[in-house]
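**Student:** Sharing a structure with you now.
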Amino acid sequence: MHSPLPPERVLTRRRAIGDQVRAARLHANLSQEDVALRAGITLGPYNRIEQGHAAARIDTLIRIADAIGVPLADLVRE
């Protein structure tokens, strides 16, 4: 059984976080594959997080921030 979609404001924020992850990755001159490998996650889930299609657990966001070399706050700042 699938849970209902989150409210639009949550989906919008999820996409914004994905955009911030992508911007930080590009600024660090890293590929998606580089970050996924460094973060210890597979490329598919990483790509879905960056695209805003998947909700990332806080542990995963911490690992992504560490892999890119930025503070976690840079990825979730509003």
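Following the order of the structure tokens, first chain is A, next is B, and so on, with residues numbered from 1 inside each chain and ligands from 1 in the order they appear.
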Could you give me, as a PyMOL selection string, the residues within 10 Å of stretch 24-39 of chain A, counting only C-alpha atoms and dropping anything in the same chain fewer than 2 positions from it?

**Tutor:** chain A and resi 18-22+41-47+50+60-70+74-75

**Student:** Export N, CA and C atoms of the chosen residues as a PDB file, in the first residue's frame?

**Tutor:**
ATOM      1  N   GLY A  18      16.876  19.378  -3.923  1.00  0.00           N
ATOM      2  CA  GLY A  18      17.553  18.713  -5.040  1.00  0.00           C
ATOM      3  C   GLY A  18      18.346  19.700  -5.876  1.00  0.00           C
ATOM      4  N   ASP A  19      17.764  20.874  -6.125  1.00  0.00           N
ATOM      5  CA  ASP A  19      18.464  21.917  -6.884  1.00  0.00           C
ATOM      6  C   ASP A  19      19.717  22.386  -6.147  1.00  0.00           C
ATOM      7  N   GLN A  20      19.619  22.512  -4.816  1.00  0.00           N
ATOM      8  CA  GLN A  20      20.772  22.953  -4.032  1.00  0.00           C
ATOM      9  C   GLN A  20      21.857  21.877  -4.008  1.00  0.00           C
ATOM     10  N   VAL A  21      21.459  20.617  -3.946  1.00  0.00           N
ATOM     11  CA  VAL A  21      22.427  19.520  -4.018  1.00  0.00           C
ATOM     12  C   VAL A  21      23.148  19.579  -5.365  1.00  0.00           C
ATOM     13  N   ARG A  22      22.397  19.721  -6.446  1.00  0.00           N
ATOM     14  CA  ARG A  22      22.988  19.785  -7.789  1.00  0.00           C
ATOM     15  C   ARG A  22      23.942  20.969  -7.910  1.00  0.00           C
ATOM     16  N   ILE A  41      26.146   5.525  -1.770  1.00  0.00           N
ATOM     17  CA  ILE A  41      24.800   5.194  -2.246  1.00  0.00           C
ATOM     18  C   ILE A  41      24.879   4.911  -3.742  1.00  0.00           C
ATOM     19  N   THR A  42      23.873   4.247  -4.265  1.00  0.00           N
ATOM     20  CA  THR A  42      23.892   3.953  -5.691  1.00  0.00           C
ATOM     21  C   THR A  42      23.418   5.171  -6.487  1.00  0.00           C
ATOM     22  N   LEU A  43      23.766   5.172  -7.761  1.00  0.00           N
ATOM     23  CA  LEU A  43      23.501   6.331  -8.606  1.00  0.00           C
ATOM     24  C   LEU A  43      22.004   6.616  -8.755  1.00  0.00           C
ATOM     25  N   GLY A  44      21.180   5.578  -8.899  1.00  0.00           N
ATOM     26  CA  GLY A  44      19.738   5.781  -9.090  1.00  0.00           C
ATOM     27  C   GLY A  44      19.091   6.589  -7.977  1.00  0.00           C
ATOM     28  N   PRO A  45      19.238   6.151  -6.728  1.00  0.00           N
ATOM     29  CA  PRO A  45      18.658   6.940  -5.633  1.00  0.00           C
ATOM     30  C   PRO A  45      19.259   8.351  -5.536  1.00  0.00           C
ATOM     31  N   TYR A  46      20.557   8.470  -5.785  1.00  0.00           N
ATOM     32  CA  TYR A  46      21.159   9.810  -5.745  1.00  0.00           C
ATOM     33  C   TYR A  46      20.510  10.696  -6.795  1.00  0.00           C
ATOM     34  N   ASN A  47      20.355  10.178  -8.001  1.00  0.00           N
ATOM     35  CA  ASN A  47      19.752  10.958  -9.079  1.00  0.00           C
ATOM     36  C   ASN A  47      18.330  11.372  -8.717  1.00  0.00           C
ATOM     37  N   GLU A  50      18.445  14.297  -6.327  1.00  0.00           N
ATOM     38  CA  GLU A  50      18.815  15.538  -7.019  1.00  0.00           C
ATOM     39  C   GLU A  50      17.671  16.066  -7.877  1.00  0.00           C
ATOM     40  N   THR A  60      21.232  10.307   4.772  1.00  0.00           N
ATOM     41  CA  THR A  60      21.694  10.340   3.388  1.00  0.00           C
ATOM     42  C   THR A  60      22.135  11.741   2.999  1.00  0.00           C
ATOM     43  N   LEU A  61      21.383  12.762   3.408  1.00  0.00           N
ATOM     44  CA  LEU A  61      21.781  14.141   3.113  1.00  0.00           C
ATOM     45  C   LEU A  61      23.107  14.492   3.778  1.00  0.00           C
ATOM     46  N   ILE A  62      23.337  13.991   4.980  1.00  0.00           N
ATOM     47  CA  ILE A  62      24.616  14.225   5.660  1.00  0.00           C
ATOM     48  C   ILE A  62      25.741  13.595   4.855  1.00  0.00           C
ATOM     49  N   ARG A  63      25.529  12.373   4.390  1.00  0.00           N
ATOM     50  CA  ARG A  63      26.560  11.690   3.602  1.00  0.00           C
ATOM     51  C   ARG A  63      26.810  12.407   2.273  1.00  0.00           C
ATOM     52  N   ILE A  64      25.762  12.921   1.656  1.00  0.00           N
ATOM     53  CA  ILE A  64      25.918  13.667   0.407  1.00  0.00           C
ATOM     54  C   ILE A  64      26.690  14.959   0.660  1.00  0.00           C
ATOM     55  N   ALA A  65      26.338  15.684   1.716  1.00  0.00           N
ATOM     56  CA  ALA A  65      27.053  16.924   2.049  1.00  0.00           C
ATOM     57  C   ALA A  65      28.529  16.631   2.285  1.00  0.00           C
ATOM     58  N   ASP A  66      28.821  15.582   3.030  1.00  0.00           N
ATOM     59  CA  ASP A  66      30.217  15.208   3.282  1.00  0.00           C
ATOM     60  C   ASP A  66      30.933  14.843   1.981  1.00  0.00           C
ATOM     61  N   ALA A  67      30.241  14.128   1.097  1.00  0.00           N
ATOM     62  CA  ALA A  67      30.832  13.702  -0.171  1.00  0.00           C
ATOM     63  C   ALA A  67      31.160  14.898  -1.061  1.00  0.00           C
ATOM     64  N   ILE A  68      30.321  15.928  -1.005  1.00  0.00           N
ATOM     65  CA  ILE A  68      30.554  17.127  -1.814  1.00  0.00           C
ATOM     66  C   ILE A  68      31.552  18.053  -1.126  1.00  0.00           C
ATOM     67  N   GLY A  69      31.601  17.975   0.205  1.00  0.00           N
ATOM     68  CA  GLY A  69      32.511  18.835   0.963  1.00  0.00           C
ATOM     69  C   GLY A  69      31.889  20.154   1.363  1.00  0.00           C
ATOM     70  N   VAL A  70      30.586  20.116   1.642  1.00  0.00           N
ATOM     71  CA  VAL A  70      29.871  21.326   2.067  1.00  0.00           C
ATOM     72  C   VAL A  70      29.128  21.023   3.363  1.00  0.00           C
ATOM     73  N   ASP A  74      24.072  23.996   3.769  1.00  0.00           N
ATOM     74  CA  ASP A  74      24.107  24.517   2.397  1.00  0.00           C
ATOM     75  C   ASP A  74      23.117  23.793   1.491  1.00  0.00           C
ATOM     76  N   LEU A  75      22.797  22.558   1.819  1.00  0.00           N
ATOM     77  CA  LEU A  75      21.897  21.783   0.984  1.00  0.00           C
ATOM     78  C   LEU A  75      20.427  21.988   1.323  1.00  0.00           C
TER      79      LEU A  75
END

**Student:** Which residues come within 9 Å of A:Gly52, counting only C-alpha atoms, excluding same-chain residues fewer than 6 positions away, as a list in words?

**Tutor:** Leu11, Thr12, Arg13, Arg14, Arg15, Ala16, Ile17, Gly18 and Asp19 of chain A

**Student:** Selected residues, all heavy atoms, written as a CSV table (one decimal), in the first residue's frame, please.

**Tutor:**
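Heads up, here's the output in again.csv:
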chain,number,residue,atom,x,y,z
A,11,LEU,N,6.6,18.9,-1.6
A,11,LEU,CA,7.2,18.5,-2.9
A,11,LEU,C,8.0,19.7,-3.5
A,11,LEU,O,9.1,19.4,-4.0
A,11,LEU,CB,6.1,18.1,-3.9
A,11,LEU,CG,5.3,16.8,-3.5
A,11,LEU,CD1,4.2,16.6,-4.5
A,11,LEU,CD2,6.2,15.6,-3.5
A,12,THR,N,7.5,20.9,-3.4
A,12,THR,CA,8.3,22.0,-3.8
A,12,THR,C,9.6,22.2,-3.1
A,12,THR,O,10.7,22.4,-3.7
A,12,THR,CB,7.4,23.3,-3.7
A,12,THR,OG1,6.3,23.2,-4.5
A,12,THR,CG2,8.2,24.6,-4.1
A,13,ARG,N,9.6,22.0,-1.8
A,13,ARG,CA,10.8,22.1,-1.0
A,13,ARG,C,11.8,21.0,-1.3
A,13,ARG,O,13.0,21.2,-1.4
A,13,ARG,CB,10.4,22.1,0.5
A,13,ARG,CG,11.5,22.4,1.4
A,13,ARG,CD,12.0,23.9,1.3
A,13,ARG,NE,13.3,24.0,2.0
A,13,ARG,CZ,14.4,24.2,1.4
A,13,ARG,NH1,14.5,24.3,0.1
A,13,ARG,NH2,15.5,24.3,2.1
A,14,ARG,N,11.2,19.8,-1.6
A,14,ARG,CA,12.1,18.7,-1.9
A,14,ARG,C,12.8,19.0,-3.2
A,14,ARG,O,14.0,18.7,-3.4
A,14,ARG,CB,11.2,17.4,-2.1
A,14,ARG,CG,12.0,16.1,-2.4
A,14,ARG,CD,11.2,15.0,-2.8
A,14,ARG,NE,10.2,14.5,-1.8
A,14,ARG,CZ,9.3,13.7,-2.0
A,14,ARG,NH1,9.1,13.1,-3.3
A,14,ARG,NH2,8.4,13.3,-1.1
A,15,ARG,N,12.1,19.5,-4.2
A,15,ARG,CA,12.7,19.9,-5.5
A,15,ARG,C,13.8,21.0,-5.3
A,15,ARG,O,14.9,21.0,-5.9
A,15,ARG,CB,11.7,20.4,-6.5
A,15,ARG,CG,10.9,19.2,-7.0
A,15,ARG,CD,10.0,19.7,-8.2
A,15,ARG,NE,8.9,20.5,-7.8
A,15,ARG,CZ,7.7,20.1,-7.4
A,15,ARG,NH1,7.4,18.8,-7.3
A,15,ARG,NH2,6.8,21.0,-7.0
A,16,ALA,N,13.5,21.9,-4.4
A,16,ALA,CA,14.5,23.0,-4.1
A,16,ALA,C,15.8,22.4,-3.4
A,16,ALA,O,16.9,22.8,-3.8
A,16,ALA,CB,13.9,24.0,-3.1
A,17,ILE,N,15.6,21.4,-2.6
A,17,ILE,CA,16.8,20.8,-1.9
A,17,ILE,C,17.6,20.1,-3.0
A,17,ILE,O,18.8,20.1,-3.1
A,17,ILE,CB,16.4,19.8,-0.8
A,17,ILE,CG1,15.9,20.7,0.4
A,17,ILE,CG2,17.5,18.9,-0.4
A,17,ILE,CD1,15.2,19.9,1.5
A,18,GLY,N,16.9,19.4,-3.9
A,18,GLY,CA,17.6,18.7,-5.0
A,18,GLY,C,18.3,19.7,-5.9
A,18,GLY,O,19.5,19.4,-6.3
A,19,ASP,N,17.8,20.9,-6.1
A,19,ASP,CA,18.5,21.9,-6.9
A,19,ASP,C,19.7,22.4,-6.1
A,19,ASP,O,20.8,22.6,-6.8
A,19,ASP,CB,17.6,23.1,-7.1
A,19,ASP,CG,16.4,22.8,-8.1
A,19,ASP,OD1,16.5,21.8,-8.9
A,19,ASP,OD2,15.5,23.6,-8.2

**Student:** Write down as a list of chain:residue names the residues of stretch 22-52 of chain A whose backbone DSSP state falls under helix (DSSP H, G or I).

**Tutor:**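 Reading the DSSP output for stretch 22-52 of chain A, helix (DSSP H, G or I) covers A:Arg22, A:Ala23, A:Ala24, A:Arg25, A:Leu26, A:His27, A:Gln32, A:Glu33, A:Asp34, A:Val35, A:Ala36, A:Leu37, A:Arg38, A:Ala39, A:Leu43, A:Gly44, A:Pro45, A:Tyr46, A:Asn47, A:Arg48, A:Ile49, A:Glu50, A:Gln51.
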
**Student:** Store the residues picked out above in a file with C-alpha atoms, as an mmCIF file, in the first residue's frame.

**Tutor:**
data_model
loop_
_atom_site.group_PDB
_atom_site.id
_atom_site.type_symbol
_atom_site.label_atom_id
_atom_site.label_comp_id
_atom_site.auth_asym_id
_atom_site.auth_seq_id
_atom_site.Cartn_x
_atom_site.Cartn_y
_atom_site.Cartn_z
ATOM 1 C CA ARG A 22 22.988 19.785 -7.789
ATOM 2 C CA ALA A 23 24.375 23.329 -7.537
ATOM 3 C CA ALA A 24 26.804 22.314 -4.769
ATOM 4 C CA ARG A 25 27.902 19.261 -6.759
ATOM 5 C CA LEU A 26 28.500 21.300 -9.906
ATOM 6 C CA HIS A 27 30.353 23.991 -7.933
ATOM 7 C CA GLN A 32 26.611 12.479 -9.891
ATOM 8 C CA GLU A 33 28.562 9.226 -9.976
ATOM 9 C CA ASP A 34 31.427 10.810 -7.975
ATOM 10 C CA VAL A 35 29.075 11.990 -5.233
ATOM 11 C CA ALA A 36 27.080 8.765 -5.089
ATOM 12 C CA LEU A 37 30.280 6.720 -4.805
ATOM 13 C CA ARG A 38 31.724 8.981 -2.103
ATOM 14 C CA ALA A 39 28.422 8.978 -0.206
ATOM 15 C CA LEU A 43 23.501 6.331 -8.606
ATOM 16 C CA GLY A 44 19.738 5.781 -9.090
ATOM 17 C CA PRO A 45 18.658 6.940 -5.633
ATOM 18 C CA TYR A 46 21.159 9.810 -5.745
ATOM 19 C CA ASN A 47 19.752 10.958 -9.079
ATOM 20 C CA ARG A 48 16.171 10.799 -7.733
ATOM 21 C CA ILE A 49 17.175 12.959 -4.747
ATOM 22 C CA GLU A 50 18.815 15.538 -7.019
ATOM 23 C CA GLN A 51 15.757 15.571 -9.288
#

**Student:** Work out how far atom CA of A:Pro4 is from atom CA of A:His53, in Å to one decimal.

**Tutor:**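 Here the two named atoms are 14.2 Å from each other.
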